[in-house]
>>> print(open('query-v4.cif').read())   # mmCIF, C-alpha atoms
data_query
#
loop_
_atom_site.label_atom_id
_atom_site.label_comp_id
_atom_site.auth_asym_id
_atom_site.auth_seq_id
_atom_site.Cartn_x
_atom_site.Cartn_y
_atom_site.Cartn_z
CA MET V 30 11.26 8.66 -11.93
CA ASN V 31 14.49 6.70 -12.28
CA LEU V 32 16.08 8.34 -9.29
CA ARG V 33 13.06 7.52 -7.14
CA ARG V 34 13.05 3.91 -8.21
CA ASP V 35 16.67 3.75 -7.10
CA VAL V 36 15.77 5.12 -3.70
CA PHE V 37 13.30 2.31 -3.12
CA GLN V 38 15.81 -0.26 -4.29
CA ALA V 39 18.30 1.33 -1.93
CA ILE V 40 16.10 0.88 1.13
CA ALA V 41 15.04 -2.63 0.10
CA ASP V 42 18.51 -3.99 0.98
CA PRO V 43 18.93 -5.10 4.65
CA THR V 44 22.57 -3.93 4.97
CA ARG V 45 21.71 -0.51 3.56
CA ARG V 46 18.78 -0.23 5.96
CA GLY V 47 21.20 -1.11 8.75
CA ILE V 48 23.56 1.66 7.63
CA LEU V 49 20.69 4.16 7.61
CA VAL V 50 19.78 3.20 11.17
CA LEU V 51 23.43 3.62 12.25
CA VAL V 52 23.95 7.07 10.74
CA ALA V 53 20.51 8.27 11.89
CA SER V 54 21.81 8.91 15.41
CA GLN V 55 25.32 10.18 14.62
CA SER V 56 27.71 10.96 11.75
CA MET V 57 30.13 8.10 11.17
CA THR V 58 33.17 7.32 9.03
CA ALA V 59 33.10 4.47 6.50
CA GLY V 60 35.45 2.49 8.78
CA ALA V 61 33.22 2.89 11.83
CA ILE V 62 30.17 1.89 9.78
CA ALA V 63 31.92 -1.17 8.30
CA ALA V 64 32.91 -2.33 11.81
CA ASN V 65 29.21 -2.99 12.48
CA PHE V 66 28.82 -5.49 9.64
CA ASP V 67 30.33 -8.88 8.80
CA THR V 68 30.48 -7.92 5.14
CA ALA V 69 33.80 -7.01 3.50
CA ARG V 70 34.83 -3.37 3.63
CA PRO V 71 34.58 -2.84 -0.19
CA THR V 72 30.99 -4.15 -0.07
CA VAL V 73 30.13 -1.61 2.61
CA SER V 74 31.80 1.09 0.49
CA LYS V 75 29.57 0.10 -2.41
CA HIS V 76 26.47 0.36 -0.19
CA LEU V 77 27.62 3.81 0.99
CA GLN V 78 28.07 4.87 -2.62
CA ILE V 79 24.52 3.77 -3.55
CA LEU V 80 23.04 5.50 -0.50
CA SER V 81 25.00 8.69 -1.33
CA GLU V 82 23.88 8.62 -4.98
CA CYS V 83 20.27 8.39 -3.84
CA GLU V 84 20.95 11.27 -1.44
CA LEU V 85 19.78 9.19 1.51
CA ILE V 86 23.08 9.91 3.25
CA GLU V 87 25.47 12.83 2.81
CA PRO V 88 29.28 12.69 3.02
CA GLU V 89 30.94 15.47 4.95
CA GLN V 90 34.70 16.15 4.92
CA ARG V 91 36.16 16.72 8.40
CA GLY V 92 39.92 17.08 8.25
CA ARG V 93 41.24 13.89 6.65
CA GLU V 94 38.11 11.87 7.38
CA ILE V 95 34.78 11.64 5.57
CA TYR V 96 31.77 11.36 7.85
CA TYR V 97 28.37 10.20 6.65
CA HIS V 98 25.10 11.43 8.04
CA LEU V 99 21.44 10.79 7.27
CA ASN V 100 19.60 13.11 4.90
CA ALA V 101 16.41 13.52 6.94
CA ASP V 102 14.53 15.36 4.18
CA ARG V 103 14.98 12.49 1.77
CA MET V 104 13.79 9.96 4.36
CA LYS V 105 10.73 12.11 5.04
CA GLU V 106 9.97 12.08 1.34
CA ILE V 107 9.95 8.28 1.37
CA ALA V 108 7.58 8.19 4.32
CA GLU V 109 5.25 10.53 2.44
CA PHE V 110 5.21 8.55 -0.76
CA ILE V 111 2.49 6.22 0.49
CA ASP V 112 0.18 9.14 1.37
CA PRO V 113 -1.66 9.09 -2.00
CA PHE V 114 -2.23 5.33 -1.61
CA ARG V 115 -3.56 5.98 1.88
CA LYS V 116 -5.81 8.76 0.60
CA ILE V 117 -7.41 6.40 -1.95
CA TRP V 118 -8.29 3.92 0.80
CA ASP V 119 -9.50 6.68 3.10
CA ASP V 120 -11.86 8.06 0.42
CA ARG V 121 -13.10 4.54 -0.29
CA PHE V 122 -13.77 3.80 3.38
CA ASN V 123 -15.42 7.21 3.94
CA LYS V 124 -17.83 6.28 1.19
CA LEU V 125 -18.45 2.85 2.71
CA GLU V 126 -19.30 4.54 6.01
CA THR V 127 -21.69 7.01 4.37
CA VAL V 128 -23.42 4.28 2.36
CA MET V 129 -23.82 1.96 5.35
CA LYS V 130 -25.27 4.64 7.61
CA LYS V 131 -28.33 4.54 5.33
CA TYR V 132 -28.78 0.86 6.23
CA LYS V 133 -28.71 1.51 9.96
CA THR V 134 -32.44 1.97 10.40
CA LYS V 135 -33.41 -0.82 8.01
CA MET N 25 -7.94 16.83 7.61
CA GLU N 26 -6.61 13.87 9.54
CA LEU N 27 -7.10 10.61 7.65
CA LYS N 28 -8.85 7.88 9.60
CA THR N 29 -7.14 5.17 7.60
CA LYS N 30 -3.70 3.95 8.67
CA ILE N 31 -1.24 2.13 6.44
CA HIS N 32 1.65 0.14 7.88
CA ALA N 33 4.27 -0.87 5.31
CA GLU N 34 7.84 -1.68 6.33
CA ALA N 35 10.72 -1.23 3.90
CA GLY N 36 11.74 -4.43 2.15
CA LYS N 37 8.68 -6.44 3.26
CA HIS N 38 6.18 -8.02 0.88
CA ASP N 39 3.07 -7.15 2.85
CA LEU N 40 1.19 -4.18 4.25
CA THR N 41 -1.60 -3.56 6.74
CA ILE N 42 -4.48 -1.14 6.36
CA THR N 43 -6.54 -0.33 9.47
CA ARG N 44 -9.59 1.83 9.94
CA GLU N 45 -12.19 2.50 12.61
CA PHE N 46 -15.78 2.93 11.48
CA GLU N 47 -18.78 4.60 13.07
CA LEU N 48 -20.77 1.53 12.15
CA PRO N 49 -21.84 -1.64 13.95
CA VAL N 50 -19.57 -4.53 12.92
CA GLU N 51 -22.53 -6.28 11.22
CA LEU N 52 -22.94 -3.39 8.76
CA LEU N 53 -19.20 -3.17 8.11
CA PHE N 54 -19.22 -6.87 7.24
CA ARG N 55 -22.32 -6.61 5.03
CA ALA N 56 -20.60 -3.87 3.00
CA HIS N 57 -18.00 -6.43 1.94
CA VAL N 58 -20.26 -9.36 1.09
CA GLU N 59 -23.48 -7.99 -0.47
CA ALA N 60 -23.12 -7.20 -4.16
CA ASP N 61 -25.49 -4.22 -4.38
CA ILE N 62 -23.89 -2.54 -1.35
CA PHE N 63 -20.34 -3.26 -2.54
CA GLU N 64 -21.17 -1.66 -5.89
CA GLN N 65 -22.35 1.50 -4.15
CA TRP N 66 -19.19 2.24 -2.20
CA MET N 67 -16.78 1.01 -4.86
CA SER N 68 -18.22 3.22 -7.60
CA HIS N 69 -16.92 6.77 -7.90
CA GLU N 70 -17.01 9.69 -10.31
CA TYR N 71 -14.48 8.05 -12.65
CA GLY N 72 -15.98 4.60 -12.77
CA THR N 73 -18.94 2.39 -12.02
CA THR N 74 -18.39 -0.96 -10.33
CA LYS N 75 -20.58 -3.94 -11.16
CA VAL N 76 -20.34 -7.25 -9.31
CA SER N 77 -20.83 -10.24 -11.62
CA LYS N 78 -20.25 -12.92 -9.00
CA LEU N 79 -20.20 -12.92 -5.21
CA GLN N 80 -20.60 -16.33 -3.60
CA ALA N 81 -20.48 -15.28 0.04
CA GLU N 82 -19.19 -18.54 1.52
CA ARG N 83 -16.03 -20.57 2.06
CA HIS N 84 -14.55 -21.58 -1.32
CA GLY N 85 -16.97 -19.22 -3.07
CA GLY N 86 -15.76 -17.05 -5.92
CA TRP N 87 -16.12 -13.34 -6.53
CA GLU N 88 -15.68 -11.12 -9.55
CA PHE N 89 -16.34 -7.50 -10.37
CA GLN N 90 -15.51 -4.99 -13.02
CA THR N 91 -15.23 -1.23 -13.05
CA SER N 92 -16.18 0.69 -16.18
CA ASP N 93 -15.34 4.27 -17.11
CA ALA N 94 -17.87 7.00 -17.95
CA LYS N 95 -18.21 5.64 -21.50
CA GLY N 96 -19.06 2.17 -20.22
CA VAL N 97 -15.72 0.65 -21.21
CA ALA N 98 -14.44 -1.90 -18.69
CA VAL N 99 -11.11 -0.68 -17.30
CA ILE N 100 -10.60 -3.17 -14.50
CA ARG N 101 -11.70 -6.73 -13.98
CA ALA N 102 -10.81 -8.27 -10.66
CA SER N 103 -11.58 -11.68 -9.21
CA GLY N 104 -10.66 -14.14 -6.49
CA THR N 105 -11.83 -16.81 -4.08
CA PHE N 106 -12.90 -16.79 -0.44
CA HIS N 107 -10.82 -19.18 1.64
CA GLU N 108 -12.25 -18.34 5.06
CA PHE N 109 -15.65 -16.81 5.57
CA ILE N 110 -16.75 -16.16 9.16
CA PRO N 111 -19.63 -13.64 9.32
CA ASN N 112 -18.88 -10.42 11.27
CA SER N 113 -15.38 -11.65 12.08
CA LYS N 114 -13.07 -12.78 9.33
CA ILE N 115 -12.58 -13.11 5.58
CA THR N 116 -9.52 -14.57 3.89
CA ARG N 117 -9.55 -14.13 0.14
CA THR N 118 -7.39 -13.95 -2.93
CA PHE N 119 -7.45 -10.87 -5.15
CA GLU N 120 -6.22 -10.50 -8.69
CA ILE N 121 -6.57 -7.79 -11.32
CA GLU N 122 -6.91 -9.53 -14.67
CA ASP N 123 -4.32 -8.71 -17.36
CA SER N 124 -2.10 -6.88 -14.90
CA PRO N 125 1.53 -7.56 -13.97
CA PHE N 126 0.78 -7.67 -10.24
CA GLY N 127 -0.25 -11.30 -9.86
CA VAL N 128 -2.41 -12.72 -7.10
CA GLN N 129 -2.42 -11.14 -3.67
CA LEU N 130 -3.67 -12.71 -0.45
CA GLU N 131 -5.91 -10.64 1.82
CA PHE N 132 -6.83 -11.22 5.46
CA LEU N 133 -9.75 -9.08 6.63
CA GLU N 134 -10.49 -8.95 10.36
CA PHE N 135 -13.69 -7.31 11.51
CA GLN N 136 -13.79 -6.28 15.15
CA LYS N 137 -16.62 -4.93 17.26
CA LEU N 138 -15.50 -1.93 19.33
CA SER N 139 -18.91 -0.92 20.71
CA GLU N 140 -22.55 -1.29 19.60
CA GLU N 141 -22.02 1.54 17.14
CA THR N 142 -18.33 1.34 16.22
CA SER N 143 -16.07 -1.25 14.65
CA ASN N 144 -12.58 -1.76 13.31
CA LEU N 145 -11.31 -3.29 10.08
CA ARG N 146 -7.79 -4.66 9.72
CA LEU N 147 -6.81 -5.60 6.18
CA HIS N 148 -3.52 -7.46 5.88
CA VAL N 149 -2.39 -7.77 2.25
CA VAL N 150 0.40 -10.14 1.19
CA TYR N 151 2.05 -9.71 -2.22
CA ARG N 152 4.28 -12.21 -3.96
CA SER N 153 7.36 -10.01 -3.60
CA ALA N 154 8.50 -6.80 -1.94
CA ALA N 155 9.05 -5.25 -5.38
CA LEU N 156 5.44 -5.92 -6.38
CA ARG N 157 4.17 -4.42 -3.15
CA ASP N 158 6.23 -1.27 -3.65
CA GLN N 159 4.98 -1.00 -7.21
CA MET N 160 1.38 -1.10 -5.95
CA LEU N 161 2.11 1.46 -3.24
CA LYS N 162 3.83 3.79 -5.66
CA LEU N 163 1.18 3.89 -8.36
CA PRO N 164 -1.02 6.60 -6.81
CA PHE N 165 2.11 8.54 -5.82
CA ALA N 166 3.48 8.36 -9.35
CA LYS N 167 0.15 9.54 -10.68
CA GLY N 168 0.48 12.80 -8.78
CA LEU N 169 4.10 13.26 -9.84
CA ASP N 170 3.99 12.55 -13.51
CA MET N 171 0.59 13.13 -15.01
CA ALA N 172 2.05 13.91 -18.42
CA HIS N 173 3.56 10.52 -18.98
CA ASN N 174 0.97 8.73 -21.09
CA ARG N 175 1.99 5.15 -20.53
CA LEU N 176 2.23 5.64 -16.80
CA GLN N 177 -1.09 7.37 -16.73
CA GLU N 178 -2.65 4.46 -18.52
CA ILE N 179 -1.44 1.99 -15.91
CA VAL N 180 -2.40 4.25 -13.04
CA GLY N 181 -5.85 4.74 -14.56
CA LYS N 182 -6.32 1.02 -14.52
CA PHE N 183 -5.22 0.86 -10.92
CA ASP N 184 -7.31 3.80 -9.77
CA GLY N 185 -10.58 1.91 -9.78
CA LYS N 186 -9.13 -1.11 -8.05
CA ARG N 187 -11.79 -2.16 -5.59
#
>>> encode(input="query-v4.cif", output="structure tokens")
Amino acid sequence: MNLRRDVFQAIADPTRRGILVLVASQSMTAGAIAANFDTARPTVSKHLQILSECELIEPEQRGREIYYHLNADRMKEIAEFIDPFRKIWDDRFNKLETVMKKYKTK
Amino acid sequence: MELKTKIHAEAGKHDLTITREFELPVELLFRAHVEADIFEQWMSHEYGTTKVSKLQAERHGGWEFQTSDAKGVAVIRASGTFHEFIPNSKITRTFEIEDSPFGVQLEFLEFQKLSEETSNLRLHVVYRSAALRDQMLKLPFAKGLDMAHNRLQEIVGKFDGKR
């Protein structure tokens, strides 16, 4: 569970969400990513480290450079985490609908 | 099967929106939320029975219900106040589970007529913080993942009968 909690903390930060949006369309180096933010380069490095540890992004060595790209599977997992919550509400509302149909003729 | 209920929850935000279309006239959809005996029917399930102890269906009225397990032991007590109460259109209310770490949440319910026989409900829920919202969202998910963890299961059990 600890790892998961970290993932949600990771996406709760606006800069880290910005990084995820950037690397969603193309692989980028740390320098290219940092150029998009006003924050200091070491701060961006720290964000990249957290995102990598949570496996939200993956580093990839290309020659002398390290490129980061989005781990789509991990992002999909996050989108799916609210499904059980949704299912609870759906069951509840299905029951409401069934119950209220009995009142239709009254 | 495709779920009819939609949940919109953005990362890092402290609110979420639940929407659902019903094959019911808007009047019946509204009644389901404000008449105690009807509310008890759709809120009760195989794991718990819901009893409404107070439902003052008016502006500044209070509401309170509790859900008990199969042995009759109360597992959840929830209460709040209506701040806006416009029949067949809108309810603004507070919601709080007693003795829980989640605090008070603010709920905006909008009832919309789509046709004579169909209607739409939009439930906008505002939590005190993004962390609290995520905790609420994650509870049912965690339940599926880690059934063996007793403490967690206890908390999730309490949450399960919420509403």
>>> closest_residue(input="query-v4.cif", among="N:Glu120, N:Glu108, N:Glu34, N:Glu64", to="Leu133 in chain N", atoms="all atoms listed in the file")
N:Glu108
>>> resolve_selection(input="query-v4.cif", expression="the PyMOL selection byres ((chain N) within 6 of (chain V))", output="PyMOL selection string")
chain N and resi 29+35-36+66+164-165
>>> resolve_selection(input="query-v4.cif", expression="the PyMOL selection byres ((chain V and resi 54) around 12)", output="list in words")
Ile48, Leu49, Val50, Leu51, Val52, Ala53, Gln55, Ser56, Met57, Tyr97, His98, Leu99, Asn100 and Ala101 of chain V
>>> atom_distance(input="query-v4.cif", atom1="CA of Leu52 in chain N", atom2="CA of His69 in chain N")
20.4 Å
>>> resolve_selection(input="query-v4.cif", expression="the PyMOL selection byres ((chain N and resi 94-98) around 12)", output="list in words")
Ser68, His69, Glu70, Tyr71, Gly72, Thr73, Thr74, Lys75, Phe89, Gln90, Thr91, Ser92, Asp93, Val99, Ile100, Arg101, Ala102, Glu122, Gly181, Lys182, Gly185 and Lys186 of chain N
>>> atom_distance(input="query-v4.cif", atom1="CA of Ala33 in chain N", atom2="CA of Val150 in chain N")
10.9 Å
>>> residues_around(input="query-v4.cif", residues="Ile42 in chain N", least_positions_apart="5", cutoff="8 Å", atoms="all atoms listed in the file", output="PyMOL selection string")
chain N and resi 29-32+146-148
>>> write_last_selection(input="query-v4.cif", atoms="C-alpha atoms", output="compact mmCIF listing (two decimals), in the coordinates of the input")
# COMPACT_ATOMS: atom_id res chain seq x y z
CA THR N 29 -7.14 5.17 7.60
CA LYS N 30 -3.70 3.95 8.67
CA ILE N 31 -1.24 2.13 6.44
CA HIS N 32 1.65 0.14 7.88
CA ARG N 146 -7.79 -4.66 9.72
CA LEU N 147 -6.81 -5.60 6.18
CA HIS N 148 -3.52 -7.46 5.88
>>> closest_residue(input="query-v4.cif", among="V:Arg93, V:Gly47, V:Ala59, V:Val36", to="Leu77 in chain V", atoms="only C-alpha atoms")
V:Ala59
>>> atom_distance(input="query-v4.cif", atom1="CA of Glu134 in chain N", atom2="CA of Lys37 in chain N")
20.6 Å
>>> closest_residue(input="query-v4.cif", among="V:Thr44, V:His76, V:Arg70, V:Thr58", to="Gln90 in chain V", atoms="only C-alpha atoms")
V:Thr58
>>> residues_around(input="query-v4.cif", residues="Glu51 in chain N", least_positions_apart="4", cutoff="10 Å", atoms="all atoms listed in the file", output="short mmCIF file (atom, residue, chain, number, x, y, z; two decimals) with C-alpha atoms, keeping the file's coordinate frame")
data_model
loop_
_atom_site.label_atom_id
_atom_site.label_comp_id
_atom_site.auth_asym_id
_atom_site.auth_seq_id
_atom_site.Cartn_x
_atom_site.Cartn_y
_atom_site.Cartn_z
CA ARG N 55 -22.32 -6.61 5.03
CA ALA N 56 -20.60 -3.87 3.00
CA PRO N 111 -19.63 -13.64 9.32
CA ASN N 112 -18.88 -10.42 11.27
CA SER N 113 -15.38 -11.65 12.08
CA PHE N 135 -13.69 -7.31 11.51
CA GLN N 136 -13.79 -6.28 15.15
CA LYS N 137 -16.62 -4.93 17.26
CA GLU N 140 -22.55 -1.29 19.60
CA GLU N 141 -22.02 1.54 17.14
CA SER N 143 -16.07 -1.25 14.65
#
>>> residues_near_point(input="query-v4.cif", point="(-11.4, -15.4, -8.1)", cutoff="9 Å", atoms="only C-alpha atoms", output="mmCIF file with C-alpha atoms, in the frame of the given file")
data_model
loop_
_atom_site.group_PDB
_atom_site.id
_atom_site.type_symbol
_atom_site.label_atom_id
_atom_site.label_comp_id
_atom_site.auth_asym_id
_atom_site.auth_seq_id
_atom_site.Cartn_x
_atom_site.Cartn_y
_atom_site.Cartn_z
ATOM 1 C CA GLY N 85 -16.970 -19.220 -3.070
ATOM 2 C CA GLY N 86 -15.760 -17.050 -5.920
ATOM 3 C CA TRP N 87 -16.120 -13.340 -6.530
ATOM 4 C CA GLU N 88 -15.680 -11.120 -9.550
ATOM 5 C CA ALA N 102 -10.810 -8.270 -10.660
ATOM 6 C CA SER N 103 -11.580 -11.680 -9.210
ATOM 7 C CA GLY N 104 -10.660 -14.140 -6.490
ATOM 8 C CA THR N 105 -11.830 -16.810 -4.080
ATOM 9 C CA PHE N 106 -12.900 -16.790 -0.440
ATOM 10 C CA ARG N 117 -9.550 -14.130 0.140
ATOM 11 C CA THR N 118 -7.390 -13.950 -2.930
ATOM 12 C CA PHE N 119 -7.450 -10.870 -5.150
ATOM 13 C CA GLU N 120 -6.220 -10.500 -8.690
#
>>> residues_near_point(input="query-v4.cif", point="(-0.1, -14.4, -8.9)", cutoff="8 Å", atoms="all atoms listed in the file", output="ChimeraX atom specification")
/N:120,126-129,152
